[in-house]
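Shown here: model-v7.txt, compact mmCIF, N, CA and C atoms.
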# COMPACT_ATOMS: atom_id res chain seq x y z
N ASN L 19 0.55 -14.12 -10.15
CA ASN L 19 1.12 -12.84 -10.53
C ASN L 19 2.64 -12.97 -10.59
N ASP L 20 3.21 -12.42 -11.65
CA ASP L 20 4.66 -12.41 -11.80
C ASP L 20 5.16 -10.98 -11.68
N TYR L 21 6.31 -10.83 -11.01
CA TYR L 21 6.97 -9.53 -10.96
C TYR L 21 8.41 -9.72 -11.44
N PHE L 22 8.77 -8.99 -12.48
CA PHE L 22 10.12 -9.07 -13.04
C PHE L 22 10.93 -7.91 -12.45
N CYS L 23 11.88 -8.25 -11.61
CA CYS L 23 12.68 -7.24 -10.94
C CYS L 23 13.70 -6.64 -11.91
N PRO L 24 13.91 -5.32 -11.87
CA PRO L 24 14.92 -4.70 -12.73
C PRO L 24 16.30 -5.30 -12.48
N ASP L 25 17.11 -5.38 -13.53
CA ASP L 25 18.43 -6.02 -13.44
C ASP L 25 19.36 -5.40 -12.41
N SER L 26 19.27 -4.10 -12.20
CA SER L 26 20.20 -3.41 -11.32
C SER L 26 19.88 -3.56 -9.83
N ILE L 27 18.82 -4.26 -9.51
CA ILE L 27 18.36 -4.39 -8.12
C ILE L 27 18.87 -5.70 -7.51
N ASN L 28 19.45 -5.61 -6.31
CA ASN L 28 19.94 -6.80 -5.61
C ASN L 28 19.04 -7.24 -4.47
N GLU L 29 18.17 -6.33 -4.04
CA GLU L 29 17.34 -6.64 -2.88
C GLU L 29 16.03 -5.87 -2.99
N LEU L 30 14.96 -6.53 -2.63
CA LEU L 30 13.65 -5.90 -2.51
C LEU L 30 13.20 -5.99 -1.06
N ALA L 31 12.21 -5.21 -0.72
CA ALA L 31 11.55 -5.35 0.57
C ALA L 31 10.05 -5.42 0.28
N ALA L 32 9.36 -6.23 1.03
CA ALA L 32 7.92 -6.39 0.85
C ALA L 32 7.22 -5.98 2.13
N ALA L 33 6.21 -5.13 1.99
CA ALA L 33 5.45 -4.66 3.15
C ALA L 33 3.96 -4.96 2.94
N VAL L 34 3.34 -5.49 3.97
CA VAL L 34 1.90 -5.74 3.94
C VAL L 34 1.19 -4.44 4.30
N PHE L 35 0.11 -4.15 3.59
CA PHE L 35 -0.65 -2.93 3.86
C PHE L 35 -2.14 -3.21 3.83
N ILE L 36 -2.90 -2.30 4.42
CA ILE L 36 -4.34 -2.30 4.27
C ILE L 36 -4.69 -1.16 3.33
N TYR L 37 -5.80 -1.30 2.63
CA TYR L 37 -6.19 -0.27 1.68
C TYR L 37 -7.69 -0.06 1.70
N ALA L 38 -8.07 1.13 1.28
CA ALA L 38 -9.49 1.46 1.10
C ALA L 38 -9.62 2.20 -0.23
N ARG L 39 -10.71 1.98 -0.91
CA ARG L 39 -10.99 2.64 -2.17
C ARG L 39 -12.02 3.73 -1.91
N ALA L 40 -11.72 4.95 -2.34
CA ALA L 40 -12.63 6.07 -2.11
C ALA L 40 -13.94 5.85 -2.89
N THR L 41 -15.05 6.05 -2.20
CA THR L 41 -16.36 5.89 -2.85
C THR L 41 -16.92 7.22 -3.33
N LYS L 42 -16.27 8.31 -2.94
CA LYS L 42 -16.65 9.64 -3.45
C LYS L 42 -15.46 10.57 -3.31
N ALA L 43 -15.49 11.66 -4.04
CA ALA L 43 -14.40 12.62 -4.04
C ALA L 43 -14.36 13.40 -2.74
N GLY L 44 -13.15 13.89 -2.40
CA GLY L 44 -13.04 14.68 -1.18
C GLY L 44 -11.74 15.45 -1.12
N LYS L 45 -11.72 16.44 -0.23
CA LYS L 45 -10.52 17.24 0.05
C LYS L 45 -10.65 17.72 1.49
N SER L 46 -9.54 17.74 2.21
CA SER L 46 -9.52 18.17 3.61
C SER L 46 -10.55 17.42 4.45
N VAL L 47 -10.50 16.11 4.38
CA VAL L 47 -11.44 15.26 5.12
C VAL L 47 -10.87 14.98 6.51
N SER L 48 -11.61 15.29 7.54
CA SER L 48 -11.21 14.99 8.90
C SER L 48 -11.33 13.48 9.15
N ALA L 49 -10.42 12.93 9.96
CA ALA L 49 -10.49 11.51 10.30
C ALA L 49 -11.85 11.15 10.88
N LYS L 50 -12.45 12.09 11.57
CA LYS L 50 -13.76 11.88 12.18
C LYS L 50 -14.83 11.53 11.14
N PHE L 51 -14.67 12.05 9.92
CA PHE L 51 -15.67 11.84 8.86
C PHE L 51 -15.17 10.94 7.74
N ALA L 52 -13.97 10.39 7.86
CA ALA L 52 -13.36 9.62 6.77
C ALA L 52 -14.19 8.42 6.34
N GLN L 53 -14.88 7.77 7.28
CA GLN L 53 -15.64 6.57 6.92
C GLN L 53 -16.84 6.88 6.04
N ARG L 54 -17.12 8.14 5.81
CA ARG L 54 -18.14 8.52 4.84
C ARG L 54 -17.60 8.40 3.42
N TYR L 55 -16.27 8.23 3.28
CA TYR L 55 -15.62 8.23 1.98
C TYR L 55 -15.14 6.84 1.54
N TYR L 56 -15.34 5.82 2.35
CA TYR L 56 -15.00 4.46 1.95
C TYR L 56 -15.91 3.48 2.69
N THR L 57 -16.10 2.29 2.12
CA THR L 57 -17.01 1.32 2.72
C THR L 57 -16.37 -0.04 2.97
N HIS L 58 -15.21 -0.28 2.38
CA HIS L 58 -14.55 -1.58 2.48
C HIS L 58 -13.04 -1.37 2.70
N VAL L 59 -12.40 -2.38 3.32
CA VAL L 59 -10.96 -2.37 3.53
C VAL L 59 -10.42 -3.75 3.14
N GLY L 60 -9.27 -3.76 2.46
CA GLY L 60 -8.63 -5.02 2.07
C GLY L 60 -7.15 -4.98 2.43
N LYS L 61 -6.45 -6.07 2.10
CA LYS L 61 -5.01 -6.15 2.35
C LYS L 61 -4.27 -6.36 1.04
N GLY L 62 -3.00 -5.99 1.07
CA GLY L 62 -2.15 -6.17 -0.10
C GLY L 62 -0.70 -6.19 0.31
N VAL L 63 0.16 -6.26 -0.70
CA VAL L 63 1.61 -6.25 -0.47
C VAL L 63 2.24 -5.31 -1.49
N HIS L 64 3.27 -4.59 -1.02
CA HIS L 64 3.97 -3.63 -1.87
C HIS L 64 5.47 -3.92 -1.80
N PHE L 65 6.11 -3.97 -2.96
CA PHE L 65 7.56 -4.16 -3.03
C PHE L 65 8.24 -2.82 -3.24
N HIS L 66 9.38 -2.63 -2.60
CA HIS L 66 10.18 -1.43 -2.84
C HIS L 66 11.67 -1.79 -2.73
N ILE L 67 12.52 -0.82 -3.06
CA ILE L 67 13.96 -1.05 -3.10
C ILE L 67 14.63 -0.33 -1.94
N PRO L 68 14.99 -1.04 -0.86
CA PRO L 68 15.57 -0.39 0.32
C PRO L 68 16.89 0.32 0.03
N GLU L 69 17.70 -0.22 -0.89
CA GLU L 69 19.01 0.39 -1.15
C GLU L 69 18.89 1.77 -1.79
N TYR L 70 17.74 2.13 -2.32
CA TYR L 70 17.53 3.45 -2.92
C TYR L 70 17.21 4.52 -1.87
N ILE L 71 16.85 4.10 -0.67
CA ILE L 71 16.43 5.06 0.35
C ILE L 71 17.66 5.66 1.04
N ASP L 72 17.75 6.97 0.98
CA ASP L 72 18.82 7.73 1.62
C ASP L 72 18.17 8.62 2.68
N PRO L 73 18.41 8.35 3.97
CA PRO L 73 17.77 9.14 5.03
C PRO L 73 18.02 10.65 4.91
N ALA L 74 19.12 11.03 4.29
CA ALA L 74 19.44 12.45 4.12
C ALA L 74 18.65 13.10 2.98
N ASN L 75 18.01 12.27 2.16
CA ASN L 75 17.26 12.78 1.01
C ASN L 75 15.83 12.22 1.04
N PRO L 76 14.86 12.95 1.59
CA PRO L 76 13.48 12.46 1.68
C PRO L 76 12.88 12.08 0.33
N GLN L 77 13.34 12.69 -0.75
CA GLN L 77 12.79 12.37 -2.07
C GLN L 77 13.20 10.97 -2.53
N SER L 78 14.24 10.40 -1.94
CA SER L 78 14.68 9.07 -2.33
C SER L 78 13.60 8.02 -2.01
N TRP L 79 12.76 8.30 -1.02
CA TRP L 79 11.67 7.37 -0.68
C TRP L 79 10.76 7.17 -1.89
N TRP L 80 10.47 8.24 -2.61
CA TRP L 80 9.59 8.14 -3.78
C TRP L 80 10.20 7.26 -4.86
N LEU L 81 11.49 7.42 -5.10
CA LEU L 81 12.17 6.60 -6.10
C LEU L 81 12.14 5.13 -5.68
N ALA L 82 12.40 4.85 -4.42
CA ALA L 82 12.43 3.47 -3.93
C ALA L 82 11.07 2.79 -4.02
N HIS L 83 9.98 3.57 -3.97
CA HIS L 83 8.63 3.00 -3.97
C HIS L 83 7.90 3.17 -5.30
N SER L 84 8.58 3.63 -6.33
CA SER L 84 7.88 3.96 -7.57
C SER L 84 8.19 3.02 -8.73
N LEU L 85 8.46 1.79 -8.47
CA LEU L 85 8.65 0.82 -9.54
C LEU L 85 7.31 0.43 -10.14
N ASP L 86 7.31 0.12 -11.41
CA ASP L 86 6.06 -0.33 -12.07
C ASP L 86 5.60 -1.66 -11.51
N ASN L 87 4.32 -1.80 -11.36
CA ASN L 87 3.68 -3.07 -11.01
C ASN L 87 4.22 -3.71 -9.74
N THR L 88 4.41 -2.93 -8.69
CA THR L 88 4.95 -3.49 -7.45
C THR L 88 3.93 -3.52 -6.31
N THR L 89 2.70 -3.17 -6.60
CA THR L 89 1.66 -3.19 -5.57
C THR L 89 0.61 -4.22 -5.98
N PHE L 90 0.34 -5.16 -5.08
CA PHE L 90 -0.61 -6.23 -5.35
C PHE L 90 -1.70 -6.22 -4.29
N LEU L 91 -2.96 -6.20 -4.72
CA LEU L 91 -4.08 -6.32 -3.79
C LEU L 91 -4.35 -7.80 -3.64
N THR L 92 -4.03 -8.34 -2.47
CA THR L 92 -4.05 -9.79 -2.28
C THR L 92 -5.31 -10.29 -1.57
N GLU L 93 -6.15 -9.38 -1.14
CA GLU L 93 -7.36 -9.78 -0.43
C GLU L 93 -8.51 -8.94 -0.91
N GLU L 94 -9.64 -9.58 -1.17
CA GLU L 94 -10.83 -8.82 -1.54
C GLU L 94 -11.24 -7.92 -0.38
N PRO L 95 -11.67 -6.72 -0.67
CA PRO L 95 -12.08 -5.82 0.42
C PRO L 95 -13.25 -6.38 1.21
N GLN L 96 -13.22 -6.13 2.51
CA GLN L 96 -14.29 -6.57 3.40
C GLN L 96 -15.06 -5.35 3.91
N GLU L 97 -16.32 -5.56 4.24
CA GLU L 97 -17.14 -4.48 4.77
C GLU L 97 -16.56 -3.98 6.09
N LEU L 98 -16.79 -2.70 6.37
CA LEU L 98 -16.22 -2.09 7.57
C LEU L 98 -16.61 -2.80 8.86
N SER L 99 -17.80 -3.38 8.90
CA SER L 99 -18.24 -4.05 10.13
C SER L 99 -17.34 -5.25 10.46
N LEU L 100 -16.59 -5.77 9.48
CA LEU L 100 -15.72 -6.92 9.70
C LEU L 100 -14.26 -6.53 9.95
N ILE L 101 -13.98 -5.24 9.93
CA ILE L 101 -12.61 -4.74 10.04
C ILE L 101 -12.31 -4.33 11.48
N PRO L 102 -11.13 -4.70 12.02
CA PRO L 102 -10.77 -4.27 13.38
C PRO L 102 -10.72 -2.74 13.48
N ASP L 103 -11.11 -2.21 14.62
CA ASP L 103 -11.13 -0.76 14.83
C ASP L 103 -9.75 -0.12 14.60
N GLU L 104 -8.68 -0.84 14.97
CA GLU L 104 -7.35 -0.26 14.78
C GLU L 104 -7.04 -0.03 13.30
N TYR L 105 -7.51 -0.90 12.43
CA TYR L 105 -7.30 -0.71 10.99
C TYR L 105 -8.13 0.44 10.46
N LYS L 106 -9.37 0.54 10.94
CA LYS L 106 -10.22 1.66 10.53
C LYS L 106 -9.59 2.99 10.95
N ALA L 107 -9.03 3.03 12.14
CA ALA L 107 -8.39 4.26 12.63
C ALA L 107 -7.19 4.64 11.76
N LEU L 108 -6.41 3.64 11.32
CA LEU L 108 -5.27 3.91 10.45
C LEU L 108 -5.72 4.48 9.11
N ILE L 109 -6.75 3.90 8.53
CA ILE L 109 -7.27 4.38 7.25
C ILE L 109 -7.87 5.77 7.42
N ASP L 110 -8.62 5.98 8.49
CA ASP L 110 -9.21 7.30 8.75
C ASP L 110 -8.13 8.38 8.81
N GLN L 111 -7.05 8.08 9.55
CA GLN L 111 -5.96 9.04 9.68
C GLN L 111 -5.27 9.27 8.34
N ALA L 112 -5.12 8.21 7.55
CA ALA L 112 -4.49 8.34 6.22
C ALA L 112 -5.33 9.22 5.31
N PHE L 113 -6.66 9.07 5.35
CA PHE L 113 -7.53 9.95 4.56
C PHE L 113 -7.34 11.40 4.98
N GLU L 114 -7.27 11.64 6.28
CA GLU L 114 -7.10 13.01 6.76
C GLU L 114 -5.76 13.59 6.31
N THR L 115 -4.70 12.83 6.52
CA THR L 115 -3.36 13.32 6.18
C THR L 115 -3.22 13.57 4.69
N ALA L 116 -3.62 12.61 3.87
CA ALA L 116 -3.47 12.76 2.41
C ALA L 116 -4.35 13.88 1.87
N SER L 117 -5.57 13.98 2.37
CA SER L 117 -6.51 14.96 1.80
C SER L 117 -6.19 16.40 2.20
N LYS L 118 -5.25 16.59 3.12
CA LYS L 118 -4.78 17.95 3.43
C LYS L 118 -3.94 18.50 2.28
N HIS L 119 -3.31 17.59 1.54
CA HIS L 119 -2.36 17.99 0.50
C HIS L 119 -2.87 17.78 -0.92
N VAL L 120 -3.73 16.79 -1.11
CA VAL L 120 -4.27 16.49 -2.44
C VAL L 120 -5.75 16.15 -2.31
N SER L 121 -6.48 16.40 -3.36
CA SER L 121 -7.87 15.95 -3.37
C SER L 121 -7.88 14.53 -3.94
N PHE L 122 -8.87 13.76 -3.56
CA PHE L 122 -8.98 12.42 -4.11
C PHE L 122 -10.33 12.28 -4.80
N ARG L 123 -10.35 11.34 -5.75
CA ARG L 123 -11.57 11.12 -6.55
C ARG L 123 -12.12 9.73 -6.26
N THR L 124 -13.32 9.51 -6.68
CA THR L 124 -13.92 8.18 -6.56
C THR L 124 -13.02 7.18 -7.27
N GLY L 125 -12.70 6.09 -6.60
CA GLY L 125 -11.85 5.06 -7.18
C GLY L 125 -10.40 5.13 -6.76
N ASP L 126 -9.96 6.26 -6.19
CA ASP L 126 -8.59 6.36 -5.70
C ASP L 126 -8.41 5.44 -4.49
N TYR L 127 -7.19 4.97 -4.30
CA TYR L 127 -6.87 4.09 -3.18
C TYR L 127 -6.02 4.80 -2.14
N ILE L 128 -6.27 4.50 -0.88
CA ILE L 128 -5.44 4.94 0.23
C ILE L 128 -4.88 3.65 0.84
N ALA L 129 -3.56 3.61 1.04
CA ALA L 129 -2.93 2.41 1.60
C ALA L 129 -2.05 2.79 2.78
N VAL L 130 -2.02 1.90 3.79
CA VAL L 130 -1.23 2.12 5.00
C VAL L 130 -0.51 0.82 5.35
N GLU L 131 0.82 0.88 5.49
CA GLU L 131 1.57 -0.30 5.90
C GLU L 131 1.18 -0.69 7.32
N ILE L 132 1.02 -2.00 7.55
CA ILE L 132 0.63 -2.47 8.88
C ILE L 132 1.68 -3.39 9.51
N ALA L 133 2.75 -3.64 8.79
CA ALA L 133 3.83 -4.48 9.33
C ALA L 133 5.14 -4.00 8.73
N PRO L 134 6.23 -4.19 9.46
CA PRO L 134 7.53 -3.80 8.92
C PRO L 134 7.83 -4.57 7.63
N ALA L 135 8.54 -3.93 6.73
CA ALA L 135 8.91 -4.57 5.47
C ALA L 135 9.90 -5.71 5.72
N GLU L 136 9.74 -6.78 4.96
CA GLU L 136 10.66 -7.92 5.01
C GLU L 136 11.58 -7.84 3.82
N LYS L 137 12.88 -8.02 4.04
CA LYS L 137 13.84 -7.98 2.93
C LYS L 137 13.82 -9.30 2.17
N ILE L 138 13.96 -9.18 0.86
CA ILE L 138 13.99 -10.33 -0.03
C ILE L 138 15.25 -10.20 -0.88
N ASN L 139 16.16 -11.16 -0.77
CA ASN L 139 17.40 -11.11 -1.53
C ASN L 139 17.18 -11.56 -2.97
N ALA L 140 18.11 -11.16 -3.83
CA ALA L 140 18.03 -11.49 -5.25
C ALA L 140 17.92 -12.99 -5.46
N GLY L 141 17.15 -13.35 -6.44
CA GLY L 141 16.94 -14.76 -6.78
C GLY L 141 15.47 -15.01 -7.03
N THR L 142 15.20 -15.87 -7.95
CA THR L 142 13.81 -16.19 -8.27
C THR L 142 13.18 -16.91 -7.09
N GLY L 143 11.97 -16.53 -6.76
CA GLY L 143 11.27 -17.16 -5.66
C GLY L 143 9.82 -16.74 -5.64
N THR L 144 9.11 -17.22 -4.64
CA THR L 144 7.70 -16.92 -4.51
C THR L 144 7.44 -16.27 -3.17
N TYR L 145 6.67 -15.19 -3.17
CA TYR L 145 6.29 -14.50 -1.96
C TYR L 145 4.79 -14.72 -1.78
N THR L 146 4.38 -15.17 -0.60
CA THR L 146 2.97 -15.47 -0.36
C THR L 146 2.40 -14.50 0.66
N CYS L 147 1.23 -13.95 0.34
CA CYS L 147 0.53 -13.04 1.24
C CYS L 147 -0.96 -13.34 1.13
N ASN L 148 -1.60 -13.60 2.25
CA ASN L 148 -3.04 -13.90 2.27
C ASN L 148 -3.39 -15.04 1.32
N ASN L 149 -2.57 -16.07 1.31
CA ASN L 149 -2.78 -17.26 0.49
C ASN L 149 -2.74 -17.02 -1.00
N LYS L 150 -2.19 -15.88 -1.43
CA LYS L 150 -1.98 -15.60 -2.85
C LYS L 150 -0.48 -15.50 -3.07
N SER L 151 0.00 -16.06 -4.16
CA SER L 151 1.42 -16.09 -4.44
C SER L 151 1.80 -15.10 -5.52
N ILE L 152 2.98 -14.52 -5.33
CA ILE L 152 3.57 -13.59 -6.31
C ILE L 152 4.94 -14.15 -6.64
N ASN L 153 5.18 -14.43 -7.91
CA ASN L 153 6.47 -14.96 -8.35
C ASN L 153 7.43 -13.83 -8.62
N LEU L 154 8.56 -13.85 -7.91
CA LEU L 154 9.60 -12.83 -8.13
C LEU L 154 10.63 -13.42 -9.08
N ILE L 155 10.86 -12.72 -10.18
CA ILE L 155 11.77 -13.23 -11.20
C ILE L 155 12.90 -12.22 -11.36
N TRP L 156 14.12 -12.63 -11.01
CA TRP L 156 15.30 -11.78 -11.15
C TRP L 156 16.03 -12.16 -12.40

Rewritten as structure tokens:
Amino acid sequence: NDYFCPDSINELAAAVFIYARATKAGKSVSAKFAQRYYTHVGKGVHFHIPEYIDPANPQSWWLAHSLDNTTFLTEEPQELSLIPDEYKALIDQAFETASKHVSFRTGDYIAVEIAPAEKINAGTGTYTCNNKSINLIW
């Protein structure tokens, strides 16, 4: 996979996340019942632009995370029985939190960061996550 970074960007950050794909539609789903809405969990990596984030402006987070083609699913989803309970709890809580504000449909993804983002300075290079490589091209 290749990612072509916009010219105006000097630094990216990469964060590893877990994700689940909704198997049915829902709204206002309690964490207690969230596992009825997904069956598998996988891992991925998401790139964002830290310099765009302004703590005084919460909307800046959306701009920093809304670049095209910056989310990569790097691991095939695994059945819930193979997933650590702590990851299931994170996904369950994410379903509850998100579904309070928006409804989701079959096929929608819920993602939760599981590690702090690592900064990546400008320059062509390769980022590896779960034995899959992503070429960063500046």

Can you find the residues with an atom no farther than 6 Å from (6.7, -11.6, -12.6), counting only C-alpha atoms, and report them as a list in words?
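Using only C-alpha atoms, the matching residues come out as Asp20, Tyr21, Phe22, Asn153, Leu154 and Ile155 of chain L.
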
Using all atoms listed in the file, list the residues that have an atom at most 8 Å from (-12.9, 8.0, 8.4), coordinates as in the file, as a count of residues only.
18

Per DSSP on the backbone, what are the strand (DSSP E) residues of range 79-156 of chain L, as a ChimeraX atom specification?
/L:89-91,96-97,127-131,136-139,143-147,150-155

Helix (DSSP H, G or I) residues, from DSSP on the backbone, in chain L, as a ChimeraX atom specification:
/L:49-54,68-70,78-82,98-100,103-119

Can you build me a table of range 91-155 of chain L residues sitting at most 8 Å from range 32-44 of chain L, with the closest atom pair per residue and its distance in Å to one decimal, using only N, CA and C atoms, sorted by chain and residue number, as JSON lines?
{"residue": "L:Pro95", "atom": "CA", "partner": "L:Tyr37", "partner_atom": "C", "distance": 7.4}
{"residue": "L:Tyr105", "atom": "CA", "partner": "L:Ile36", "partner_atom": "CA", "distance": 7.5}
{"residue": "L:Ile109", "atom": "CA", "partner": "L:Ala38", "partner_atom": "N", "distance": 6.8}
{"residue": "L:Ser117", "atom": "CA", "partner": "L:Gly44", "partner_atom": "C", "distance": 6.0}
{"residue": "L:Lys118", "atom": "N", "partner": "L:Gly44", "partner_atom": "C", "distance": 7.8}
{"residue": "L:Val120", "atom": "C", "partner": "L:Gly44", "partner_atom": "C", "distance": 6.1}
{"residue": "L:Ser121", "atom": "CA", "partner": "L:Gly44", "partner_atom": "C", "distance": 4.5}
{"residue": "L:Phe122", "atom": "C", "partner": "L:Gly44", "partner_atom": "N", "distance": 4.0}
{"residue": "L:Arg123", "atom": "CA", "partner": "L:Ala43", "partner_atom": "CA", "distance": 4.1}
{"residue": "L:Thr124", "atom": "N", "partner": "L:Ala43", "partner_atom": "N", "distance": 4.0}
{"residue": "L:Gly125", "atom": "N", "partner": "L:Ala40", "partner_atom": "C", "distance": 3.9}
{"residue": "L:Asp126", "atom": "C", "partner": "L:Ala40", "partner_atom": "N", "distance": 4.0}
{"residue": "L:Tyr127", "atom": "CA", "partner": "L:Ala38", "partner_atom": "C", "distance": 4.5}
{"residue": "L:Ile128", "atom": "C", "partner": "L:Ala38", "partner_atom": "N", "distance": 4.1}
{"residue": "L:Ala129", "atom": "CA", "partner": "L:Tyr37", "partner_atom": "CA", "distance": 4.2}
{"residue": "L:Val130", "atom": "C", "partner": "L:Phe35", "partner_atom": "CA", "distance": 4.0}
{"residue": "L:Glu131", "atom": "CA", "partner": "L:Phe35", "partner_atom": "CA", "distance": 4.0}
{"residue": "L:Ile132", "atom": "N", "partner": "L:Val34", "partner_atom": "C", "distance": 4.1}
{"residue": "L:Ala133", "atom": "N", "partner": "L:Val34", "partner_atom": "C", "distance": 4.8}
{"residue": "L:Pro134", "atom": "C", "partner": "L:Ala33", "partner_atom": "CA", "distance": 5.1}
{"residue": "L:Ala135", "atom": "CA", "partner": "L:Ala32", "partner_atom": "C", "distance": 4.0}
{"residue": "L:Glu136", "atom": "N", "partner": "L:Ala32", "partner_atom": "C", "distance": 3.9}
{"residue": "L:Lys137", "atom": "N", "partner": "L:Ala32", "partner_atom": "N", "distance": 5.0}
{"residue": "L:Ile138", "atom": "N", "partner": "L:Ala32", "partner_atom": "N", "distance": 5.5}
{"residue": "L:Cys147", "atom": "CA", "partner": "L:Val34", "partner_atom": "CA", "distance": 7.9}

Output of the above residues as a CSV table (one decimal), keeping the file's coordinate frame, restricted to N, CA and C atoms:
chain,number,residue,atom,x,y,z
L,95,PRO,N,-11.7,-6.7,-0.7
L,95,PRO,CA,-12.1,-5.8,0.4
L,95,PRO,C,-13.2,-6.4,1.2
L,105,TYR,N,-7.5,-0.9,12.4
L,105,TYR,CA,-7.3,-0.7,11.0
L,105,TYR,C,-8.1,0.4,10.5
L,109,ILE,N,-6.8,3.9,8.5
L,109,ILE,CA,-7.3,4.4,7.2
L,109,ILE,C,-7.9,5.8,7.4
L,117,SER,N,-5.6,14.0,2.4
L,117,SER,CA,-6.5,15.0,1.8
L,117,SER,C,-6.2,16.4,2.2
L,118,LYS,N,-5.2,16.6,3.1
L,118,LYS,CA,-4.8,18.0,3.4
L,118,LYS,C,-3.9,18.5,2.3
L,120,VAL,N,-3.7,16.8,-1.1
L,120,VAL,CA,-4.3,16.5,-2.4
L,120,VAL,C,-5.8,16.2,-2.3
L,121,SER,N,-6.5,16.4,-3.4
L,121,SER,CA,-7.9,16.0,-3.4
L,121,SER,C,-7.9,14.5,-3.9
L,122,PHE,N,-8.9,13.8,-3.6
L,122,PHE,CA,-9.0,12.4,-4.1
L,122,PHE,C,-10.3,12.3,-4.8
L,123,ARG,N,-10.4,11.3,-5.8
L,123,ARG,CA,-11.6,11.1,-6.6
L,123,ARG,C,-12.1,9.7,-6.3
L,124,THR,N,-13.3,9.5,-6.7
L,124,THR,CA,-13.9,8.2,-6.6
L,124,THR,C,-13.0,7.2,-7.3
L,125,GLY,N,-12.7,6.1,-6.6
L,125,GLY,CA,-11.8,5.1,-7.2
L,125,GLY,C,-10.4,5.1,-6.8
L,126,ASP,N,-10.0,6.3,-6.2
L,126,ASP,CA,-8.6,6.4,-5.7
L,126,ASP,C,-8.4,5.4,-4.5
L,127,TYR,N,-7.2,5.0,-4.3
L,127,TYR,CA,-6.9,4.1,-3.2
L,127,TYR,C,-6.0,4.8,-2.1
L,128,ILE,N,-6.3,4.5,-0.9
L,128,ILE,CA,-5.4,4.9,0.2
L,128,ILE,C,-4.9,3.6,0.8
L,129,ALA,N,-3.6,3.6,1.0
L,129,ALA,CA,-2.9,2.4,1.6
L,129,ALA,C,-2.0,2.8,2.8
L,130,VAL,N,-2.0,1.9,3.8
L,130,VAL,CA,-1.2,2.1,5.0
L,130,VAL,C,-0.5,0.8,5.4
L,131,GLU,N,0.8,0.9,5.5
L,131,GLU,CA,1.6,-0.3,5.9
L,131,GLU,C,1.2,-0.7,7.3
L,132,ILE,N,1.0,-2.0,7.6
L,132,ILE,CA,0.6,-2.5,8.9
L,132,ILE,C,1.7,-3.4,9.5
L,133,ALA,N,2.8,-3.6,8.8
L,133,ALA,CA,3.8,-4.5,9.3
L,133,ALA,C,5.1,-4.0,8.7
L,134,PRO,N,6.2,-4.2,9.5
L,134,PRO,CA,7.5,-3.8,8.9
L,134,PRO,C,7.8,-4.6,7.6
L,135,ALA,N,8.5,-3.9,6.7
L,135,ALA,CA,8.9,-4.6,5.5
L,135,ALA,C,9.9,-5.7,5.7
L,136,GLU,N,9.7,-6.8,5.0
L,136,GLU,CA,10.7,-7.9,5.0
L,136,GLU,C,11.6,-7.8,3.8
L,137,LYS,N,12.9,-8.0,4.0
L,137,LYS,CA,13.8,-8.0,2.9
L,137,LYS,C,13.8,-9.3,2.2
L,138,ILE,N,14.0,-9.2,0.9
L,138,ILE,CA,14.0,-10.3,0.0
L,138,ILE,C,15.2,-10.2,-0.9
L,147,CYS,N,1.2,-14.0,0.3
L,147,CYS,CA,0.5,-13.0,1.2
L,147,CYS,C,-1.0,-13.3,1.1

Using all atoms listed in the file, find the one residue out of L:Thr57, L:Asn139, L:Thr144, L:Ser84 that sits nearest to Gln96 in chain L.
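Among L:Thr57, L:Asn139, L:Thr144, L:Ser84, it is L:Thr57 that comes nearest to Gln96 in chain L.
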
Got a minute to add N, CA, C and O atoms to range 31-38 of chain L and dump it as a compact mmCIF listing (two decimals), keeping the file's coordinate frame?
# COMPACT_ATOMS: atom_id res chain seq x y z
N ALA L 31 12.21 -5.21 -0.72
CA ALA L 31 11.55 -5.35 0.57
C ALA L 31 10.05 -5.42 0.28
O ALA L 31 9.56 -4.76 -0.64
N ALA L 32 9.36 -6.23 1.03
CA ALA L 32 7.92 -6.39 0.85
C ALA L 32 7.22 -5.98 2.13
O ALA L 32 7.59 -6.41 3.22
N ALA L 33 6.21 -5.13 1.99
CA ALA L 33 5.45 -4.66 3.15
C ALA L 33 3.96 -4.96 2.94
O ALA L 33 3.42 -4.70 1.87
N VAL L 34 3.34 -5.49 3.97
CA VAL L 34 1.90 -5.74 3.94
C VAL L 34 1.19 -4.44 4.30
O VAL L 34 1.62 -3.71 5.19
N PHE L 35 0.11 -4.15 3.59
CA PHE L 35 -0.65 -2.93 3.86
C PHE L 35 -2.14 -3.21 3.83
O PHE L 35 -2.59 -4.25 3.33
N ILE L 36 -2.90 -2.30 4.42
CA ILE L 36 -4.34 -2.30 4.27
C ILE L 36 -4.69 -1.16 3.33
O ILE L 36 -3.95 -0.19 3.22
N TYR L 37 -5.80 -1.30 2.63
CA TYR L 37 -6.19 -0.27 1.68
C TYR L 37 -7.69 -0.06 1.70
O TYR L 37 -8.46 -0.93 2.10
N ALA L 38 -8.07 1.13 1.28
CA ALA L 38 -9.49 1.46 1.10
C ALA L 38 -9.62 2.20 -0.23
O ALA L 38 -8.72 2.95 -0.62
